[in-house]
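Below is entry_2.cif, holding mmCIF, N, CA and C atoms.
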```
data_coords
#
loop_
_atom_site.label_atom_id
_atom_site.label_comp_id
_atom_site.auth_asym_id
_atom_site.auth_seq_id
_atom_site.Cartn_x
_atom_site.Cartn_y
_atom_site.Cartn_z
N MET R 1 9.18 -36.28 -14.84
CA MET R 1 9.84 -34.98 -14.82
C MET R 1 9.56 -34.27 -16.14
N GLY R 2 9.02 -33.06 -16.04
CA GLY R 2 8.68 -32.30 -17.23
C GLY R 2 9.84 -31.46 -17.72
N ASN R 3 9.67 -30.95 -18.91
CA ASN R 3 10.69 -30.08 -19.48
C ASN R 3 10.24 -28.63 -19.35
N ASP R 4 11.01 -27.84 -18.67
CA ASP R 4 10.73 -26.42 -18.53
C ASP R 4 11.74 -25.67 -19.39
N THR R 5 11.35 -25.39 -20.64
CA THR R 5 12.28 -24.79 -21.59
C THR R 5 12.65 -23.36 -21.21
N ILE R 6 11.73 -22.65 -20.54
CA ILE R 6 12.03 -21.28 -20.12
C ILE R 6 13.11 -21.30 -19.04
N ALA R 7 12.99 -22.21 -18.08
CA ALA R 7 14.00 -22.32 -17.02
C ALA R 7 15.35 -22.73 -17.61
N ASN R 8 15.35 -23.61 -18.61
CA ASN R 8 16.60 -24.01 -19.26
C ASN R 8 17.26 -22.81 -19.94
N MET R 9 16.44 -21.98 -20.61
CA MET R 9 16.98 -20.79 -21.28
C MET R 9 17.56 -19.81 -20.26
N ILE R 10 16.82 -19.56 -19.20
CA ILE R 10 17.27 -18.62 -18.17
C ILE R 10 18.57 -19.10 -17.52
N THR R 11 18.64 -20.38 -17.23
CA THR R 11 19.85 -20.95 -16.63
C THR R 11 21.04 -20.84 -17.57
N SER R 12 20.82 -21.09 -18.86
CA SER R 12 21.91 -20.99 -19.84
C SER R 12 22.44 -19.56 -19.93
N VAL R 13 21.54 -18.59 -19.96
CA VAL R 13 21.95 -17.18 -20.04
C VAL R 13 22.68 -16.77 -18.76
N ARG R 14 22.15 -17.18 -17.62
CA ARG R 14 22.77 -16.85 -16.33
C ARG R 14 24.18 -17.44 -16.24
N ASN R 15 24.34 -18.70 -16.63
CA ASN R 15 25.66 -19.34 -16.59
C ASN R 15 26.64 -18.70 -17.56
N ALA R 16 26.17 -18.31 -18.73
CA ALA R 16 27.04 -17.64 -19.70
C ALA R 16 27.48 -16.28 -19.18
N ASN R 17 26.58 -15.57 -18.50
CA ASN R 17 26.95 -14.29 -17.91
C ASN R 17 28.02 -14.46 -16.84
N LEU R 18 27.87 -15.49 -16.01
CA LEU R 18 28.87 -15.74 -14.97
C LEU R 18 30.23 -16.09 -15.57
N GLY R 19 30.22 -16.81 -16.68
CA GLY R 19 31.46 -17.18 -17.36
C GLY R 19 31.95 -16.13 -18.33
N LYS R 20 31.24 -15.01 -18.45
CA LYS R 20 31.56 -13.91 -19.36
C LYS R 20 31.74 -14.40 -20.80
N GLU R 21 30.86 -15.29 -21.23
CA GLU R 21 30.90 -15.80 -22.59
C GLU R 21 30.22 -14.82 -23.53
N GLU R 22 30.62 -14.87 -24.80
CA GLU R 22 30.05 -13.96 -25.80
C GLU R 22 28.66 -14.39 -26.24
N THR R 23 28.48 -15.69 -26.50
CA THR R 23 27.22 -16.16 -27.05
C THR R 23 26.65 -17.32 -26.24
N VAL R 24 25.33 -17.52 -26.38
CA VAL R 24 24.63 -18.63 -25.75
C VAL R 24 23.80 -19.30 -26.84
N ARG R 25 23.83 -20.63 -26.88
CA ARG R 25 23.04 -21.38 -27.86
C ARG R 25 21.93 -22.12 -27.13
N ILE R 26 20.70 -21.86 -27.55
CA ILE R 26 19.52 -22.40 -26.88
C ILE R 26 18.63 -23.06 -27.91
N LEU R 27 17.99 -24.17 -27.54
CA LEU R 27 17.02 -24.79 -28.43
C LEU R 27 15.87 -23.82 -28.70
N ALA R 28 15.46 -23.75 -29.94
CA ALA R 28 14.45 -22.78 -30.34
C ALA R 28 13.04 -23.34 -30.19
N ASN R 29 12.18 -22.55 -29.60
CA ASN R 29 10.73 -22.76 -29.63
C ASN R 29 10.10 -21.37 -29.58
N ASN R 30 8.81 -21.30 -29.70
CA ASN R 30 8.15 -20.00 -29.81
C ASN R 30 8.35 -19.12 -28.59
N ILE R 31 8.26 -19.70 -27.40
CA ILE R 31 8.38 -18.89 -26.18
C ILE R 31 9.82 -18.39 -25.99
N ASN R 32 10.82 -19.24 -26.30
CA ASN R 32 12.22 -18.81 -26.19
C ASN R 32 12.53 -17.72 -27.22
N ARG R 33 11.96 -17.84 -28.42
CA ARG R 33 12.16 -16.79 -29.44
C ARG R 33 11.61 -15.46 -28.94
N SER R 34 10.40 -15.49 -28.39
CA SER R 34 9.79 -14.24 -27.96
C SER R 34 10.52 -13.63 -26.76
N ILE R 35 11.01 -14.45 -25.85
CA ILE R 35 11.79 -13.93 -24.71
C ILE R 35 13.10 -13.33 -25.22
N GLY R 36 13.75 -14.00 -26.15
CA GLY R 36 14.99 -13.49 -26.74
C GLY R 36 14.77 -12.16 -27.45
N LYS R 37 13.67 -12.04 -28.17
CA LYS R 37 13.38 -10.79 -28.86
C LYS R 37 13.09 -9.66 -27.87
N ILE R 38 12.45 -9.98 -26.76
CA ILE R 38 12.20 -8.96 -25.74
C ILE R 38 13.52 -8.52 -25.10
N LEU R 39 14.42 -9.47 -24.83
CA LEU R 39 15.73 -9.12 -24.27
C LEU R 39 16.50 -8.21 -25.22
N LEU R 40 16.40 -8.46 -26.53
CA LEU R 40 17.06 -7.61 -27.52
C LEU R 40 16.39 -6.23 -27.57
N GLN R 41 15.08 -6.21 -27.58
CA GLN R 41 14.32 -4.96 -27.64
C GLN R 41 14.59 -4.07 -26.43
N GLU R 42 14.76 -4.68 -25.26
CA GLU R 42 15.01 -3.92 -24.03
C GLU R 42 16.48 -3.58 -23.82
N GLY R 43 17.36 -4.06 -24.69
CA GLY R 43 18.78 -3.71 -24.63
C GLY R 43 19.62 -4.55 -23.70
N PHE R 44 19.15 -5.73 -23.31
CA PHE R 44 19.92 -6.60 -22.43
C PHE R 44 20.92 -7.46 -23.19
N ILE R 45 20.69 -7.69 -24.49
CA ILE R 45 21.62 -8.48 -25.31
C ILE R 45 21.94 -7.70 -26.58
N LYS R 46 23.07 -8.08 -27.23
CA LYS R 46 23.50 -7.40 -28.45
C LYS R 46 22.76 -7.86 -29.69
N ASN R 47 22.62 -9.20 -29.81
CA ASN R 47 22.11 -9.75 -31.05
C ASN R 47 21.29 -11.01 -30.78
N PHE R 48 20.38 -11.30 -31.69
CA PHE R 48 19.51 -12.46 -31.63
C PHE R 48 19.51 -13.09 -33.01
N GLU R 49 19.96 -14.34 -33.12
CA GLU R 49 20.00 -15.04 -34.40
C GLU R 49 19.34 -16.40 -34.27
N GLU R 50 18.83 -16.89 -35.40
CA GLU R 50 18.30 -18.24 -35.44
C GLU R 50 19.18 -19.07 -36.36
N LEU R 51 19.41 -20.32 -35.95
CA LEU R 51 20.33 -21.21 -36.66
C LEU R 51 19.68 -22.57 -36.79
N GLN R 52 19.89 -23.21 -37.96
CA GLN R 52 19.35 -24.55 -38.15
C GLN R 52 20.51 -25.50 -38.44
N GLU R 53 20.57 -26.58 -37.66
CA GLU R 53 21.56 -27.63 -37.89
C GLU R 53 20.80 -28.93 -38.09
N GLY R 54 20.68 -29.35 -39.33
CA GLY R 54 19.89 -30.55 -39.62
C GLY R 54 18.42 -30.27 -39.33
N THR R 55 17.83 -31.07 -38.45
CA THR R 55 16.43 -30.86 -38.09
C THR R 55 16.27 -30.01 -36.84
N ASN R 56 17.37 -29.69 -36.16
CA ASN R 56 17.32 -28.90 -34.93
C ASN R 56 17.42 -27.40 -35.22
N HIS R 57 16.60 -26.64 -34.52
CA HIS R 57 16.64 -25.18 -34.63
C HIS R 57 17.19 -24.63 -33.32
N PHE R 58 18.09 -23.65 -33.43
CA PHE R 58 18.71 -23.05 -32.26
C PHE R 58 18.58 -21.54 -32.32
N ILE R 59 18.66 -20.93 -31.15
CA ILE R 59 18.72 -19.48 -31.02
C ILE R 59 20.11 -19.15 -30.49
N ILE R 60 20.77 -18.19 -31.12
CA ILE R 60 22.08 -17.72 -30.66
C ILE R 60 21.89 -16.31 -30.11
N LEU R 61 22.12 -16.15 -28.80
CA LEU R 61 22.04 -14.84 -28.16
C LEU R 61 23.45 -14.33 -27.93
N THR R 62 23.74 -13.13 -28.40
CA THR R 62 25.03 -12.49 -28.15
C THR R 62 24.86 -11.58 -26.95
N LEU R 63 25.58 -11.89 -25.88
CA LEU R 63 25.42 -11.16 -24.62
C LEU R 63 26.14 -9.82 -24.66
N LYS R 64 25.71 -8.92 -23.81
CA LYS R 64 26.22 -7.56 -23.78
C LYS R 64 26.94 -7.33 -22.45
N TYR R 65 28.13 -6.74 -22.52
CA TYR R 65 28.91 -6.43 -21.32
C TYR R 65 29.34 -4.97 -21.37
N ARG R 66 29.66 -4.40 -20.19
CA ARG R 66 30.09 -3.00 -20.16
C ARG R 66 31.40 -2.87 -19.37
N GLY R 67 32.21 -1.92 -19.80
CA GLY R 67 33.44 -1.60 -19.08
C GLY R 67 34.57 -2.59 -19.31
N ARG R 68 35.71 -2.26 -18.71
CA ARG R 68 36.88 -3.14 -18.82
C ARG R 68 36.70 -4.44 -18.06
N LYS R 69 35.95 -4.38 -16.97
CA LYS R 69 35.73 -5.59 -16.17
C LYS R 69 34.68 -6.49 -16.78
N ARG R 70 34.08 -6.04 -17.89
CA ARG R 70 33.05 -6.82 -18.60
C ARG R 70 31.92 -7.24 -17.67
N GLU R 71 31.29 -6.26 -17.06
CA GLU R 71 30.14 -6.55 -16.21
C GLU R 71 28.92 -6.73 -17.10
N PRO R 72 28.14 -7.78 -16.87
CA PRO R 72 26.99 -8.06 -17.75
C PRO R 72 25.85 -7.07 -17.55
N TYR R 73 25.13 -6.80 -18.63
CA TYR R 73 23.94 -5.95 -18.54
C TYR R 73 22.83 -6.66 -17.78
N ILE R 74 22.74 -7.98 -17.91
CA ILE R 74 21.76 -8.75 -17.16
C ILE R 74 22.38 -9.13 -15.83
N THR R 75 21.99 -8.44 -14.77
CA THR R 75 22.53 -8.78 -13.45
C THR R 75 21.74 -9.89 -12.80
N THR R 76 20.42 -9.91 -13.01
CA THR R 76 19.58 -10.95 -12.45
C THR R 76 18.52 -11.34 -13.46
N LEU R 77 18.33 -12.63 -13.60
CA LEU R 77 17.31 -13.19 -14.48
C LEU R 77 16.66 -14.30 -13.68
N ARG R 78 15.39 -14.10 -13.28
CA ARG R 78 14.75 -15.04 -12.36
C ARG R 78 13.43 -15.54 -12.92
N ARG R 79 13.24 -16.85 -12.89
CA ARG R 79 11.99 -17.50 -13.31
C ARG R 79 10.98 -17.34 -12.18
N ILE R 80 9.77 -16.89 -12.51
CA ILE R 80 8.75 -16.65 -11.48
C ILE R 80 7.67 -17.72 -11.54
N SER R 81 6.92 -17.77 -12.60
CA SER R 81 5.86 -18.76 -12.74
C SER R 81 6.47 -20.07 -13.20
N LYS R 82 6.23 -21.13 -12.45
CA LYS R 82 6.83 -22.43 -12.73
C LYS R 82 5.74 -23.42 -13.12
N PRO R 83 6.09 -24.54 -13.73
CA PRO R 83 5.06 -25.52 -14.10
C PRO R 83 4.24 -26.02 -12.91
N GLY R 84 4.84 -26.06 -11.73
CA GLY R 84 4.11 -26.51 -10.54
C GLY R 84 3.30 -25.42 -9.88
N LEU R 85 3.58 -24.16 -10.20
CA LEU R 85 2.87 -23.04 -9.58
C LEU R 85 2.82 -21.88 -10.57
N ARG R 86 1.73 -21.79 -11.29
CA ARG R 86 1.54 -20.71 -12.27
C ARG R 86 1.03 -19.47 -11.55
N LEU R 87 1.58 -18.31 -11.92
CA LEU R 87 1.17 -17.05 -11.31
C LEU R 87 0.58 -16.12 -12.38
N TYR R 88 -0.70 -15.80 -12.24
CA TYR R 88 -1.41 -14.93 -13.17
C TYR R 88 -1.76 -13.63 -12.46
N TYR R 89 -1.63 -12.52 -13.18
CA TYR R 89 -1.95 -11.22 -12.60
C TYR R 89 -2.81 -10.40 -13.55
N ASN R 90 -3.70 -9.62 -12.97
CA ASN R 90 -4.46 -8.62 -13.68
C ASN R 90 -3.48 -7.50 -14.07
N TYR R 91 -3.76 -6.75 -15.11
CA TYR R 91 -2.83 -5.70 -15.54
C TYR R 91 -2.60 -4.65 -14.46
N LYS R 92 -3.58 -4.44 -13.58
CA LYS R 92 -3.43 -3.44 -12.52
C LYS R 92 -2.49 -3.92 -11.42
N LYS R 93 -2.33 -5.23 -11.28
CA LYS R 93 -1.54 -5.78 -10.19
C LYS R 93 -0.20 -6.37 -10.63
N ILE R 94 0.21 -6.14 -11.87
CA ILE R 94 1.50 -6.64 -12.35
C ILE R 94 2.59 -5.93 -11.54
N PRO R 95 3.49 -6.68 -10.89
CA PRO R 95 4.52 -6.04 -10.05
C PRO R 95 5.55 -5.28 -10.89
N LYS R 96 6.13 -4.27 -10.27
CA LYS R 96 7.22 -3.52 -10.89
C LYS R 96 8.53 -4.02 -10.29
N VAL R 97 9.51 -4.24 -11.13
CA VAL R 97 10.82 -4.71 -10.68
C VAL R 97 11.73 -3.51 -10.52
N LEU R 98 12.33 -3.37 -9.35
CA LEU R 98 13.22 -2.25 -9.03
C LEU R 98 12.58 -0.90 -9.33
N GLY R 99 11.32 -0.76 -8.99
CA GLY R 99 10.62 0.50 -9.20
C GLY R 99 10.47 0.87 -10.67
N GLY R 100 10.42 -0.11 -11.54
CA GLY R 100 10.27 0.14 -12.97
C GLY R 100 11.57 0.08 -13.74
N MET R 101 12.70 -0.09 -13.06
CA MET R 101 14.00 -0.16 -13.74
C MET R 101 14.20 -1.53 -14.41
N GLY R 102 13.64 -2.57 -13.82
CA GLY R 102 13.74 -3.90 -14.40
C GLY R 102 12.55 -4.17 -15.30
N VAL R 103 12.53 -5.37 -15.87
CA VAL R 103 11.48 -5.76 -16.80
C VAL R 103 10.83 -7.04 -16.32
N VAL R 104 9.50 -7.07 -16.39
CA VAL R 104 8.74 -8.28 -16.13
C VAL R 104 8.29 -8.79 -17.50
N ILE R 105 8.55 -10.06 -17.79
CA ILE R 105 8.12 -10.65 -19.06
C ILE R 105 6.89 -11.51 -18.78
N LEU R 106 5.81 -11.23 -19.51
CA LEU R 106 4.54 -11.91 -19.32
C LEU R 106 4.12 -12.66 -20.57
N SER R 107 3.37 -13.72 -20.36
CA SER R 107 2.72 -14.43 -21.45
C SER R 107 1.24 -14.07 -21.36
N THR R 108 0.72 -13.39 -22.38
CA THR R 108 -0.66 -12.94 -22.37
C THR R 108 -1.43 -13.58 -23.52
N SER R 109 -2.70 -13.26 -23.60
CA SER R 109 -3.51 -13.77 -24.70
C SER R 109 -3.13 -13.12 -26.03
N CYS R 110 -2.41 -12.01 -25.97
CA CYS R 110 -1.94 -11.32 -27.18
C CYS R 110 -0.46 -11.57 -27.44
N GLY R 111 0.12 -12.58 -26.82
CA GLY R 111 1.53 -12.91 -27.02
C GLY R 111 2.38 -12.55 -25.83
N THR R 112 3.66 -12.78 -25.96
CA THR R 112 4.61 -12.49 -24.89
C THR R 112 5.00 -11.01 -24.98
N MET R 113 4.99 -10.33 -23.84
CA MET R 113 5.30 -8.90 -23.82
C MET R 113 5.85 -8.48 -22.47
N THR R 114 6.31 -7.24 -22.41
CA THR R 114 6.84 -6.69 -21.17
C THR R 114 5.69 -6.16 -20.31
N ASP R 115 6.02 -5.85 -19.06
CA ASP R 115 5.00 -5.31 -18.15
C ASP R 115 4.48 -3.96 -18.62
N ARG R 116 5.34 -3.14 -19.20
CA ARG R 116 4.90 -1.82 -19.68
C ARG R 116 3.87 -1.96 -20.81
N GLU R 117 4.15 -2.86 -21.75
CA GLU R 117 3.21 -3.08 -22.86
C GLU R 117 1.88 -3.63 -22.35
N ALA R 118 1.94 -4.56 -21.38
CA ALA R 118 0.72 -5.17 -20.84
C ALA R 118 -0.13 -4.12 -20.12
N ARG R 119 0.51 -3.24 -19.37
CA ARG R 119 -0.25 -2.19 -18.68
C ARG R 119 -0.86 -1.23 -19.69
N GLN R 120 -0.11 -0.91 -20.74
CA GLN R 120 -0.59 0.02 -21.76
C GLN R 120 -1.79 -0.57 -22.51
N LYS R 121 -1.74 -1.88 -22.82
CA LYS R 121 -2.83 -2.54 -23.53
C LYS R 121 -3.92 -3.04 -22.59
N GLN R 122 -3.69 -2.89 -21.29
CA GLN R 122 -4.61 -3.33 -20.24
C GLN R 122 -4.92 -4.82 -20.37
N ILE R 123 -3.84 -5.60 -20.41
CA ILE R 123 -3.95 -7.06 -20.51
C ILE R 123 -3.14 -7.68 -19.38
N GLY R 124 -3.74 -8.62 -18.68
CA GLY R 124 -3.02 -9.37 -17.66
C GLY R 124 -2.51 -10.68 -18.26
N GLY R 125 -1.80 -11.46 -17.44
CA GLY R 125 -1.30 -12.73 -17.93
C GLY R 125 -0.41 -13.42 -16.93
N GLU R 126 0.28 -14.45 -17.41
CA GLU R 126 1.18 -15.23 -16.57
C GLU R 126 2.56 -14.58 -16.55
N ILE R 127 3.10 -14.36 -15.38
CA ILE R 127 4.42 -13.76 -15.26
C ILE R 127 5.47 -14.85 -15.45
N LEU R 128 6.28 -14.72 -16.49
CA LEU R 128 7.29 -15.72 -16.79
C LEU R 128 8.58 -15.47 -16.02
N CYS R 129 9.12 -14.26 -16.11
CA CYS R 129 10.41 -14.00 -15.44
C CYS R 129 10.61 -12.51 -15.20
N TYR R 130 11.58 -12.23 -14.32
CA TYR R 130 12.04 -10.87 -14.03
C TYR R 130 13.44 -10.74 -14.60
N VAL R 131 13.74 -9.57 -15.16
CA VAL R 131 15.08 -9.27 -15.69
C VAL R 131 15.49 -7.90 -15.20
N TRP R 132 16.70 -7.81 -14.65
CA TRP R 132 17.30 -6.51 -14.32
C TRP R 132 18.79 -6.64 -14.28
#
```
As structure tokens, please, write out the structure in this file.
Amino acid sequence: MGNDTIANMITSVRNANLGKEETVRILANNINRSIGKILLQEGFIKNFEELQEGTNHFIILTLKYRGRKREPYITTLRRISKPGLRLYYNYKKIPKVLGGMGVVILSTSCGTMTDREARQKQIGGEILCYVW
């Protein structure tokens, strides 16, 4: 059984949203850092911090909610490309989520980026997840 750190991160964020928690603590690696930074850049989370406890590095994501009912900004976070089935797309064929309202996060040869950036730079890559 392999370790899918992206799926672990997505599941942690999804569970924290359901529990209306303020923060999520995730083990840090390069791909989780870049996904967290994209979530911050796109306005889905409030804050992104890195923390070190001994030899372990963690990422602390502060989640964002709206209104009195505290509805989360991230309504759906779905893993697309999995270790058993990788999905690669040309920049012309990158799907749009909710007609462009959502965000597709891709891993490209130039780093992790959103679908808009990939189309603008004309770079395809592996689709990691959808966020809306």
*Which one of R:Glu49, R:Glu42, R:Glu71, R:Asp4 sits closest to R:Asn17 if you count only N, CA and C atoms?*
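Nearest candidate to R:Asn17 out of R:Glu49, R:Glu42, R:Glu71, R:Asp4: R:Glu71.
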*asked:* Need the shell around stretch 63-68 of chain R: protein/DNA/RNA residues with any atom at most 6 Å away, counting only N, CA and C atoms. Skip same-chain ones fewer than 6 positions apart. Format as an NGL selection string?
replied: :R and (21-24 or 44-47)
*Separation of atom C of R:Asn32 and atom CA of R:Gly102, in Å?*
18.9 Å
*Write out as an MDAnalysis selection string which residues come within 5 Å of stretch 72-86 of chain R when counting only N, CA and C atoms, dropping same-chain ones fewer than 2 positions away.*
chainID R and resid 64:66 70 88 127:132
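Once R:Met9 and its same-chain neighbours fewer than 4 positions away are set aside, Asp4, Thr5, Val13, Arg14, Asn15, Arg25, Ile26, Leu27 and Asn32 of chain R remain within 8 Å of it when counting all atoms listed in the file.
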*Using only C-alpha atoms, determine which residues lie at most 9 Å from stretch 29-31 of chain R, disregarding the query and same-chain residues fewer than 5 positions distant; provide the list as a ChimeraX atom specification.*
/R:5-6,36,57-59,107,112
*Find, counting only C-alpha atoms, the residue in R:Glu53, R:Ile38, R:Lys92, R:Leu98 that gets nearest to R:Ile123.*
R:Lys92
